[in-house]
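Student: Dumping the structure here so I can ask a few things about it.
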Number of protein chains: 2
Amino acid sequence: MTDTTRTEIEQLVANSRDAVVCSIDEEGFPNAKGMFVARREGLHTLWFSTNTSSQRVQQFLKNDKACVYFIDSGRVCGLMLTGRMQVMTDNKTKASFWSPSDIQYYPQGIADPDYCILRFTAERGNYYRNLEKHLFTIEEGM
Amino acid sequence: MTDTTRTEIEQLVANSRDAVVCSIDEEGFPNAKGMFVARREGLHTLWFSTNTSSQRVQQFLKNDKACVYFIDSGRVCGLMLTGRMQVMTDNKTKASFWSPSDIQYYPQGIADPDYCILRFTAERGNYYRNLEKHLFTIEEGM
């Protein structure tokens, strides 16, 4: 991967407030949902905050295979990361993402059993720009 | 489903040039790619034009379970459709989507074996707006 491509990917992700998070449902269909990226560490680890009771979380508890997709607003380029999604329910992780306004969604606070964090660990990437395609491992993308 | 929700969904789809198309790869991971919506019939049938040799087509030939996701630019609402993706290679279908400028990608013209059309048939929908969620069958969404 060239430095230019690496910079483009970094900019695409840095400029994206949201990503499309994909899971596999109980009947084997791919599912997708736009989610706010709560935190990220390079391209290898992305964090999302959500409800434990949500369909998405229940799917990841059964099948951790996941995909996170970034697309720019002009739809010129897209980045697909595939990897595993872990459902984090420990209070230490949850506390590190907690903001006081979250109380409106989770009345029991940080320990609310319906409050959880999703941690995505990328394994592979695929970056498209126009008709060019750049397949890469996460190590190469760093 | 209320008429207001039905109208919102119709507007979201009508205003979207592209959709995120999801498939299942050979290792069982969900995959995603932004694709131009070449044609649509309501919410039940969506058409995409692509390369037969592309990763996505090869995946759909092995597993037709698919998802098409629409998201608005302000990321306020999202529509997920799940269903089946059929790879159309017959010349009649291909001719109905062909445009003269496609020759730059497919030198053999309409019959070029690398030119194909994807037909998505939706079975279910899930429309999100803020924290509201509207699950529906495709018949209800019409």
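Starting from 1 in every chain, residues are counted up; chains themselves are A, B, ... following the order of the structure tokens, and ligands are numbered from 1 as listed.
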Over every C-alpha pair, in sequence order, do a least-squares fit of chain B onto chain A and save the fitted chain as a short mmCIF file (atom, residue, chain, number, x, y, z; two decimals) with C-alpha atoms, in the first residue's frame.
Tutor:
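Now in selection34.cif:
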data_model
loop_
_atom_site.label_atom_id
_atom_site.label_comp_id
_atom_site.auth_asym_id
_atom_site.auth_seq_id
_atom_site.Cartn_x
_atom_site.Cartn_y
_atom_site.Cartn_z
CA MET B 1 -0.01 -0.02 0.01
CA THR B 2 1.30 3.44 -0.94
CA ASP B 3 1.55 6.30 1.57
CA THR B 4 -1.05 8.23 -0.47
CA THR B 5 -3.59 5.42 -0.12
CA ARG B 6 -2.82 5.10 3.58
CA THR B 7 -3.40 8.84 4.02
CA GLU B 8 -6.68 8.69 2.06
CA ILE B 9 -7.94 5.86 4.25
CA GLU B 10 -6.95 7.71 7.42
CA GLN B 11 -8.77 10.85 6.22
CA LEU B 12 -11.91 8.91 5.26
CA VAL B 13 -12.12 7.33 8.72
CA ALA B 14 -11.16 10.52 10.59
CA ASN B 15 -13.89 12.47 8.77
CA SER B 16 -16.61 9.86 9.40
CA ARG B 17 -18.76 10.40 12.46
CA ASP B 18 -20.65 7.19 11.68
CA ALA B 19 -19.99 3.84 10.10
CA VAL B 20 -22.27 1.12 8.76
CA VAL B 21 -21.95 -1.87 11.09
CA CYS B 22 -22.83 -5.28 9.63
CA SER B 23 -23.72 -8.51 11.41
CA ILE B 24 -25.25 -11.87 10.51
CA ASP B 25 -28.82 -12.47 11.67
CA GLU B 26 -30.37 -15.67 13.04
CA GLU B 27 -31.40 -16.75 9.54
CA GLY B 28 -27.98 -16.15 8.03
CA PHE B 29 -28.76 -12.84 6.31
CA PRO B 30 -26.32 -9.94 6.47
CA ASN B 31 -27.72 -7.00 8.47
CA ALA B 32 -26.56 -3.37 8.48
CA LYS B 33 -27.00 -0.35 10.70
CA GLY B 34 -25.48 3.12 10.81
CA MET B 35 -23.75 3.62 14.16
CA PHE B 36 -21.82 6.45 15.79
CA VAL B 37 -18.11 5.62 16.23
CA ALA B 38 -17.59 6.28 19.94
CA ARG B 39 -13.80 5.79 19.86
CA ARG B 40 -11.13 4.30 17.66
CA GLU B 41 -7.53 3.16 17.78
CA GLY B 42 -6.12 3.39 14.27
CA LEU B 43 -7.98 1.04 11.97
CA HIS B 44 -7.63 -2.03 14.14
CA THR B 45 -10.03 -1.26 17.02
CA LEU B 46 -13.34 0.60 16.83
CA TRP B 47 -15.81 1.11 19.67
CA PHE B 48 -19.58 1.63 19.61
CA SER B 49 -22.02 2.29 22.42
CA THR B 50 -25.45 0.63 22.28
CA ASN B 51 -28.27 -1.24 24.03
CA THR B 52 -27.64 -4.79 25.21
CA SER B 53 -31.24 -5.59 24.24
CA SER B 54 -30.76 -4.39 20.65
CA GLN B 55 -31.05 -6.81 17.75
CA ARG B 56 -27.46 -6.11 16.73
CA VAL B 57 -25.99 -7.03 20.12
CA GLN B 58 -28.04 -10.21 20.31
CA GLN B 59 -26.70 -11.18 16.87
CA PHE B 60 -23.07 -10.51 17.84
CA LEU B 61 -23.45 -12.61 21.00
CA LYS B 62 -24.36 -15.56 18.73
CA ASN B 63 -21.95 -14.78 15.86
CA ASP B 64 -19.07 -12.34 16.28
CA LYS B 65 -18.25 -12.05 12.57
CA ALA B 66 -18.64 -8.41 11.66
CA CYS B 67 -17.93 -5.76 9.08
CA VAL B 68 -17.58 -2.00 9.48
CA TYR B 69 -17.98 0.12 6.36
CA PHE B 70 -17.00 3.76 5.86
CA ILE B 71 -18.20 5.71 2.83
CA ASP B 72 -17.49 9.35 2.00
CA SER B 73 -20.36 11.75 1.48
CA GLY B 74 -19.54 12.15 -2.23
CA ARG B 75 -19.49 8.34 -2.48
CA VAL B 76 -16.09 8.43 -4.25
CA CYS B 77 -14.41 5.96 -1.95
CA GLY B 78 -15.31 3.31 0.58
CA LEU B 79 -13.46 1.31 3.21
CA MET B 80 -14.57 -2.13 4.34
CA LEU B 81 -13.06 -3.63 7.46
CA THR B 82 -13.92 -7.22 8.39
CA GLY B 83 -13.24 -8.70 11.81
CA ARG B 84 -14.82 -9.68 15.11
CA MET B 85 -17.23 -7.81 17.35
CA GLN B 86 -17.05 -8.33 21.10
CA VAL B 87 -19.86 -7.29 23.45
CA MET B 88 -18.29 -5.60 26.50
CA THR B 89 -20.46 -5.57 29.64
CA ASP B 90 -17.80 -4.94 32.32
CA ASN B 91 -18.24 -1.73 34.33
CA LYS B 92 -14.66 -0.57 33.73
CA THR B 93 -15.12 -0.46 29.94
CA LYS B 94 -18.63 0.97 30.25
CA ALA B 95 -17.44 3.71 32.65
CA SER B 96 -14.76 4.84 30.20
CA PHE B 97 -17.47 5.64 27.60
CA TRP B 98 -20.15 6.94 29.96
CA SER B 99 -21.34 10.52 29.63
CA PRO B 100 -23.77 12.15 32.14
CA SER B 101 -26.44 12.60 29.47
CA ASP B 102 -26.56 8.82 28.93
CA ILE B 103 -28.72 8.62 32.06
CA GLN B 104 -31.75 9.46 29.93
CA TYR B 105 -31.31 6.15 28.08
CA TYR B 106 -29.93 4.08 30.97
CA PRO B 107 -31.69 5.07 34.23
CA GLN B 108 -29.53 2.70 36.29
CA GLY B 109 -26.35 4.44 35.15
CA ILE B 110 -23.09 2.73 34.16
CA ALA B 111 -24.17 -0.57 35.68
CA ASP B 112 -27.48 -0.55 33.78
CA PRO B 113 -27.65 -4.04 32.23
CA ASP B 114 -29.05 -2.54 29.02
CA TYR B 115 -25.95 -0.35 28.56
CA CYS B 116 -23.07 -2.05 26.75
CA ILE B 117 -20.10 -1.32 24.52
CA LEU B 118 -19.19 -3.05 21.26
CA ARG B 119 -15.49 -3.53 20.49
CA PHE B 120 -14.64 -4.30 16.87
CA THR B 121 -11.23 -5.79 16.08
CA ALA B 122 -10.40 -5.57 12.38
CA GLU B 123 -8.61 -8.40 10.62
CA ARG B 124 -8.71 -7.30 6.98
CA GLY B 125 -9.43 -4.21 4.94
CA ASN B 126 -10.58 -3.42 1.42
CA TYR B 127 -10.38 0.16 0.22
CA TYR B 128 -12.10 1.23 -3.00
CA ARG B 129 -11.50 4.46 -4.84
CA ASN B 130 -13.22 4.75 -8.21
CA LEU B 131 -12.33 1.51 -9.96
CA GLU B 132 -9.20 0.86 -7.94
CA LYS B 133 -9.27 -1.74 -5.20
CA HIS B 134 -6.73 -2.11 -2.40
CA LEU B 135 -6.96 -5.29 -0.35
CA PHE B 136 -4.82 -5.22 2.77
CA THR B 137 -4.23 -6.84 6.13
CA ILE B 138 -4.64 -4.57 9.12
CA GLU B 139 -0.88 -4.60 9.80
CA GLU B 140 -0.25 -3.22 6.28
CA GLY B 141 -2.84 -0.49 6.83
CA MET B 142 -1.09 0.89 9.90
#
Student: Tell me, which residues of range 18-82 of chain A carry DSSP strand (DSSP E), written as a PDB file with N, CA, C and O atoms, in the first residue's frame?
Tutor:
ATOM      1  N   ASP A  18     -19.947   8.473  11.616  1.00  0.00           N
ATOM      2  CA  ASP A  18     -20.645   7.196  11.699  1.00  0.00           C
ATOM      3  C   ASP A  18     -20.035   6.164  10.756  1.00  0.00           C
ATOM      4  O   ASP A  18     -19.307   6.525   9.833  1.00  0.00           O
ATOM      5  N   ALA A  19     -20.371   4.921  11.007  1.00  0.00           N
ATOM      6  CA  ALA A  19     -19.993   3.836  10.102  1.00  0.00           C
ATOM      7  C   ALA A  19     -21.199   2.928   9.955  1.00  0.00           C
ATOM      8  O   ALA A  19     -22.116   2.959  10.789  1.00  0.00           O
ATOM      9  N   VAL A  20     -21.220   2.126   8.914  1.00  0.00           N
ATOM     10  CA  VAL A  20     -22.265   1.118   8.767  1.00  0.00           C
ATOM     11  C   VAL A  20     -21.707  -0.180   9.356  1.00  0.00           C
ATOM     12  O   VAL A  20     -20.674  -0.678   8.910  1.00  0.00           O
ATOM     13  N   VAL A  21     -22.377  -0.682  10.392  1.00  0.00           N
ATOM     14  CA  VAL A  21     -21.930  -1.880  11.094  1.00  0.00           C
ATOM     15  C   VAL A  21     -22.775  -3.054  10.615  1.00  0.00           C
ATOM     16  O   VAL A  21     -24.007  -2.984  10.624  1.00  0.00           O
ATOM     17  N   CYS A  22     -22.104  -4.134  10.177  1.00  0.00           N
ATOM     18  CA  CYS A  22     -22.820  -5.293   9.627  1.00  0.00           C
ATOM     19  C   CYS A  22     -22.629  -6.529  10.490  1.00  0.00           C
ATOM     20  O   CYS A  22     -21.527  -6.791  10.986  1.00  0.00           O
ATOM     21  N   SER A  23     -23.699  -7.277  10.626  1.00  0.00           N
ATOM     22  CA  SER A  23     -23.716  -8.518  11.406  1.00  0.00           C
ATOM     23  C   SER A  23     -24.414  -9.592  10.586  1.00  0.00           C
ATOM     24  O   SER A  23     -24.838  -9.338   9.457  1.00  0.00           O
ATOM     25  N   ILE A  24     -24.519 -10.790  11.153  1.00  0.00           N
ATOM     26  CA  ILE A  24     -25.259 -11.879  10.513  1.00  0.00           C
ATOM     27  C   ILE A  24     -26.458 -12.184  11.402  1.00  0.00           C
ATOM     28  O   ILE A  24     -26.281 -12.383  12.610  1.00  0.00           O
ATOM     29  N   PRO A  30     -27.077 -11.100   5.974  1.00  0.00           N
ATOM     30  CA  PRO A  30     -26.305  -9.963   6.466  1.00  0.00           C
ATOM     31  C   PRO A  30     -27.281  -8.858   6.907  1.00  0.00           C
ATOM     32  O   PRO A  30     -28.344  -8.711   6.312  1.00  0.00           O
ATOM     33  N   ASN A  31     -26.930  -8.150   7.964  1.00  0.00           N
ATOM     34  CA  ASN A  31     -27.720  -7.012   8.475  1.00  0.00           C
ATOM     35  C   ASN A  31     -26.798  -5.809   8.533  1.00  0.00           C
ATOM     36  O   ASN A  31     -25.575  -5.959   8.666  1.00  0.00           O
ATOM     37  N   ALA A  32     -27.372  -4.586   8.459  1.00  0.00           N
ATOM     38  CA  ALA A  32     -26.551  -3.369   8.487  1.00  0.00           C
ATOM     39  C   ALA A  32     -27.237  -2.305   9.312  1.00  0.00           C
ATOM     40  O   ALA A  32     -28.462  -2.230   9.349  1.00  0.00           O
ATOM     41  N   LYS A  33     -26.438  -1.489   9.988  1.00  0.00           N
ATOM     42  CA  LYS A  33     -27.000  -0.351  10.720  1.00  0.00           C
ATOM     43  C   LYS A  33     -25.955   0.752  10.838  1.00  0.00           C
ATOM     44  O   LYS A  33     -24.794   0.482  11.148  1.00  0.00           O
ATOM     45  N   GLY A  34     -26.369   1.972  10.615  1.00  0.00           N
ATOM     46  CA  GLY A  34     -25.487   3.119  10.819  1.00  0.00           C
ATOM     47  C   GLY A  34     -25.282   3.339  12.304  1.00  0.00           C
ATOM     48  O   GLY A  34     -26.254   3.403  13.052  1.00  0.00           O
ATOM     49  N   MET A  35     -24.014   3.409  12.745  1.00  0.00           N
ATOM     50  CA  MET A  35     -23.731   3.615  14.176  1.00  0.00           C
ATOM     51  C   MET A  35     -22.643   4.661  14.356  1.00  0.00           C
ATOM     52  O   MET A  35     -21.707   4.755  13.561  1.00  0.00           O
ATOM     53  N   PHE A  36     -22.781   5.424  15.430  1.00  0.00           N
ATOM     54  CA  PHE A  36     -21.803   6.442  15.793  1.00  0.00           C
ATOM     55  C   PHE A  36     -20.523   5.760  16.289  1.00  0.00           C
ATOM     56  O   PHE A  36     -20.587   4.845  17.117  1.00  0.00           O
ATOM     57  N   ARG A  39     -15.264   5.619  19.680  1.00  0.00           N
ATOM     58  CA  ARG A  39     -13.802   5.770  19.872  1.00  0.00           C
ATOM     59  C   ARG A  39     -13.119   4.870  18.857  1.00  0.00           C
ATOM     60  O   ARG A  39     -13.690   3.880  18.416  1.00  0.00           O
ATOM     61  N   ARG A  40     -11.876   5.216  18.510  1.00  0.00           N
ATOM     62  CA  ARG A  40     -11.136   4.295  17.648  1.00  0.00           C
ATOM     63  C   ARG A  40      -9.638   4.361  17.930  1.00  0.00           C
ATOM     64  O   ARG A  40      -9.124   5.389  18.373  1.00  0.00           O
ATOM     65  N   GLU A  41      -8.977   3.240  17.664  1.00  0.00           N
ATOM     66  CA  GLU A  41      -7.520   3.146  17.782  1.00  0.00           C
ATOM     67  C   GLU A  41      -7.030   2.711  16.412  1.00  0.00           C
ATOM     68  O   GLU A  41      -7.144   1.531  16.062  1.00  0.00           O
ATOM     69  N   THR A  45      -9.011  -1.134  15.957  1.00  0.00           N
ATOM     70  CA  THR A  45     -10.026  -1.273  17.005  1.00  0.00           C
ATOM     71  C   THR A  45     -10.998  -0.097  16.956  1.00  0.00           C
ATOM     72  O   THR A  45     -10.582   1.056  16.981  1.00  0.00           O
ATOM     73  N   LEU A  46     -12.282  -0.426  16.875  1.00  0.00           N
ATOM     74  CA  LEU A  46     -13.331   0.603  16.835  1.00  0.00           C
ATOM     75  C   LEU A  46     -14.351   0.265  17.917  1.00  0.00           C
ATOM     76  O   LEU A  46     -14.651  -0.906  18.154  1.00  0.00           O
ATOM     77  N   TRP A  47     -14.861   1.315  18.560  1.00  0.00           N
ATOM     78  CA  TRP A  47     -15.799   1.114  19.674  1.00  0.00           C
ATOM     79  C   TRP A  47     -17.132   1.786  19.379  1.00  0.00           C
ATOM     80  O   TRP A  47     -17.176   2.898  18.847  1.00  0.00           O
ATOM     81  N   PHE A  48     -18.211   1.105  19.769  1.00  0.00           N
ATOM     82  CA  PHE A  48     -19.568   1.625  19.593  1.00  0.00           C
ATOM     83  C   PHE A  48     -20.327   1.430  20.909  1.00  0.00           C
ATOM     84  O   PHE A  48     -20.107   0.450  21.611  1.00  0.00           O
ATOM     85  N   SER A  49     -21.207   2.377  21.207  1.00  0.00           N
ATOM     86  CA  SER A  49     -22.017   2.286  22.422  1.00  0.00           C
ATOM     87  C   SER A  49     -23.447   1.970  22.022  1.00  0.00           C
ATOM     88  O   SER A  49     -23.985   2.583  21.102  1.00  0.00           O
ATOM     89  N   THR A  50     -24.078   1.000  22.701  1.00  0.00           N
ATOM     90  CA  THR A  50     -25.440   0.618  22.294  1.00  0.00           C
ATOM     91  C   THR A  50     -26.207  -0.085  23.408  1.00  0.00           C
ATOM     92  O   THR A  50     -25.723  -0.220  24.530  1.00  0.00           O
ATOM     93  N   ASN A  51     -27.417  -0.527  23.079  1.00  0.00           N
ATOM     94  CA  ASN A  51     -28.268  -1.239  24.035  1.00  0.00           C
ATOM     95  C   ASN A  51     -28.005  -2.741  23.986  1.00  0.00           C
ATOM     96  O   ASN A  51     -28.035  -3.315  22.894  1.00  0.00           O
ATOM     97  N   LYS A  65     -18.779 -12.518  13.851  1.00  0.00           N
ATOM     98  CA  LYS A  65     -18.245 -12.061  12.559  1.00  0.00           C
ATOM     99  C   LYS A  65     -18.924 -10.751  12.150  1.00  0.00           C
ATOM    100  O   LYS A  65     -20.154 -10.673  12.130  1.00  0.00           O
ATOM    101  N   ALA A  66     -18.103  -9.761  11.853  1.00  0.00           N
ATOM    102  CA  ALA A  66     -18.619  -8.405  11.658  1.00  0.00           C
ATOM    103  C   ALA A  66     -17.904  -7.701  10.526  1.00  0.00           C
ATOM    104  O   ALA A  66     -16.836  -8.124  10.068  1.00  0.00           O
ATOM    105  N   CYS A  67     -18.495  -6.612  10.096  1.00  0.00           N
ATOM    106  CA  CYS A  67     -17.917  -5.753   9.073  1.00  0.00           C
ATOM    107  C   CYS A  67     -18.266  -4.310   9.438  1.00  0.00           C
ATOM    108  O   CYS A  67     -19.357  -4.030   9.922  1.00  0.00           O
ATOM    109  N   VAL A  68     -17.314  -3.427   9.262  1.00  0.00           N
ATOM    110  CA  VAL A  68     -17.562  -1.996   9.486  1.00  0.00           C
ATOM    111  C   VAL A  68     -17.208  -1.292   8.187  1.00  0.00           C
ATOM    112  O   VAL A  68     -16.114  -1.490   7.635  1.00  0.00           O
ATOM    113  N   TYR A  69     -18.149  -0.497   7.678  1.00  0.00           N
ATOM    114  CA  TYR A  69     -17.977   0.118   6.364  1.00  0.00           C
ATOM    115  C   TYR A  69     -18.032   1.639   6.480  1.00  0.00           C
ATOM    116  O   TYR A  69     -18.951   2.191   7.089  1.00  0.00           O
ATOM    117  N   PHE A  70     -17.037   2.301   5.903  1.00  0.00           N
ATOM    118  CA  PHE A  70     -16.993   3.756   5.861  1.00  0.00           C
ATOM    119  C   PHE A  70     -17.154   4.186   4.414  1.00  0.00           C
ATOM    120  O   PHE A  70     -16.510   3.640   3.521  1.00  0.00           O
ATOM    121  N   ILE A  71     -18.008   5.211   4.201  1.00  0.00           N
ATOM    122  CA  ILE A  71     -18.201   5.715   2.852  1.00  0.00           C
ATOM    123  C   ILE A  71     -18.183   7.237   2.928  1.00  0.00           C
ATOM    124  O   ILE A  71     -18.702   7.812   3.874  1.00  0.00           O
ATOM    125  N   CYS A  77     -15.222   7.065  -2.457  1.00  0.00           N
ATOM    126  CA  CYS A  77     -14.429   5.961  -1.937  1.00  0.00           C
ATOM    127  C   CYS A  77     -15.126   5.311  -0.750  1.00  0.00           C
ATOM    128  O   CYS A  77     -15.988   5.903  -0.104  1.00  0.00           O
ATOM    129  N   GLY A  78     -14.736   4.065  -0.500  1.00  0.00           N
ATOM    130  CA  GLY A  78     -15.315   3.313   0.610  1.00  0.00           C
ATOM    131  C   GLY A  78     -14.262   2.418   1.222  1.00  0.00           C
ATOM    132  O   GLY A  78     -13.343   1.968   0.533  1.00  0.00           O
ATOM    133  N   LEU A  79     -14.374   2.192   2.513  1.00  0.00           N
ATOM    134  CA  LEU A  79     -13.445   1.300   3.208  1.00  0.00           C
ATOM    135  C   LEU A  79     -14.249   0.228   3.919  1.00  0.00           C
ATOM    136  O   LEU A  79     -15.126   0.545   4.728  1.00  0.00           O
ATOM    137  N   MET A  80     -13.941  -1.025   3.620  1.00  0.00           N
ATOM    138  CA  MET A  80     -14.571  -2.131   4.335  1.00  0.00           C
ATOM    139  C   MET A  80     -13.547  -2.791   5.240  1.00  0.00           C
ATOM    140  O   MET A  80     -12.474  -3.182   4.784  1.00  0.00           O
ATOM    141  N   LEU A  81     -13.881  -2.894   6.512  1.00  0.00           N
ATOM    142  CA  LEU A  81     -13.049  -3.637   7.451  1.00  0.00           C
ATOM    143  C   LEU A  81     -13.847  -4.861   7.898  1.00  0.00           C
ATOM    144  O   LEU A  81     -15.023  -4.728   8.250  1.00  0.00           O
ATOM    145  N   THR A  82     -13.227  -6.039   7.857  1.00  0.00           N
ATOM    146  CA  THR A  82     -13.912  -7.216   8.402  1.00  0.00           C
ATOM    147  C   THR A  82     -13.142  -7.703   9.617  1.00  0.00           C
ATOM    148  O   THR A  82     -11.915  -7.554   9.693  1.00  0.00           O
TER     149      THR A  82
END
Student: If you run DSSP on this backbone, which residues of chain A come out as helix (DSSP H, G or I), and could you give them as number ranges by chain?
Tutor: A: 3-14, 55-62, 91-97, 100-104, 109-111, 138-141
Student: Take the residues that were just selected and, keeping C-alpha atoms, output them as a PDB file, in the first residue's frame.
Tutor:
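Saved the output as selection.pdb:
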ATOM      1  CA  ASP A   3       1.552   6.300   1.573  1.00  0.00           C
ATOM      2  CA  THR A   4      -1.038   8.237  -0.468  1.00  0.00           C
ATOM      3  CA  THR A   5      -3.584   5.443  -0.121  1.00  0.00           C
ATOM      4  CA  ARG A   6      -2.807   5.111   3.585  1.00  0.00           C
ATOM      5  CA  THR A   7      -3.388   8.858   4.029  1.00  0.00           C
ATOM      6  CA  GLU A   8      -6.667   8.710   2.080  1.00  0.00           C
ATOM      7  CA  ILE A   9      -7.942   5.859   4.259  1.00  0.00           C
ATOM      8  CA  GLU A  10      -6.935   7.708   7.420  1.00  0.00           C
ATOM      9  CA  GLN A  11      -8.773  10.847   6.232  1.00  0.00           C
ATOM     10  CA  LEU A  12     -11.909   8.915   5.270  1.00  0.00           C
ATOM     11  CA  VAL A  13     -12.113   7.329   8.725  1.00  0.00           C
ATOM     12  CA  ALA A  14     -11.153  10.515  10.601  1.00  0.00           C
ATOM     13  CA  GLN A  55     -31.054  -6.821  17.769  1.00  0.00           C
ATOM     14  CA  ARG A  56     -27.460  -6.098  16.741  1.00  0.00           C
ATOM     15  CA  VAL A  57     -25.987  -7.049  20.138  1.00  0.00           C
ATOM     16  CA  GLN A  58     -28.029 -10.236  20.317  1.00  0.00           C
ATOM     17  CA  GLN A  59     -26.700 -11.192  16.883  1.00  0.00           C
ATOM     18  CA  PHE A  60     -23.065 -10.527  17.842  1.00  0.00           C
ATOM     19  CA  LEU A  61     -23.447 -12.636  20.999  1.00  0.00           C
ATOM     20  CA  LYS A  62     -24.343 -15.581  18.722  1.00  0.00           C
ATOM     21  CA  ASN A  91     -18.261  -1.719  34.314  1.00  0.00           C
ATOM     22  CA  LYS A  92     -14.675  -0.566  33.726  1.00  0.00           C
ATOM     23  CA  THR A  93     -15.131  -0.455  29.943  1.00  0.00           C
ATOM     24  CA  LYS A  94     -18.644   0.972  30.239  1.00  0.00           C
ATOM     25  CA  ALA A  95     -17.464   3.715  32.644  1.00  0.00           C
ATOM     26  CA  SER A  96     -14.770   4.829  30.198  1.00  0.00           C
ATOM     27  CA  PHE A  97     -17.466   5.649  27.606  1.00  0.00           C
ATOM     28  CA  PRO A 100     -23.748  12.159  32.129  1.00  0.00           C
ATOM     29  CA  SER A 101     -26.425  12.632  29.458  1.00  0.00           C
ATOM     30  CA  ASP A 102     -26.546   8.844  28.914  1.00  0.00           C
ATOM     31  CA  ILE A 103     -28.712   8.638  32.043  1.00  0.00           C
ATOM     32  CA  GLN A 104     -31.757   9.487  29.906  1.00  0.00           C
ATOM     33  CA  GLY A 109     -26.347   4.458  35.144  1.00  0.00           C
ATOM     34  CA  ILE A 110     -23.110   2.737  34.159  1.00  0.00           C
ATOM     35  CA  ALA A 111     -24.174  -0.576  35.679  1.00  0.00           C
ATOM     36  CA  ILE A 138      -4.648  -4.574   9.107  1.00  0.00           C
ATOM     37  CA  GLU A 139      -0.902  -4.611   9.772  1.00  0.00           C
ATOM     38  CA  GLU A 140      -0.265  -3.217   6.273  1.00  0.00           C
ATOM     39  CA  GLY A 141      -2.858  -0.496   6.823  1.00  0.00           C
TER      40      GLY A 141
END
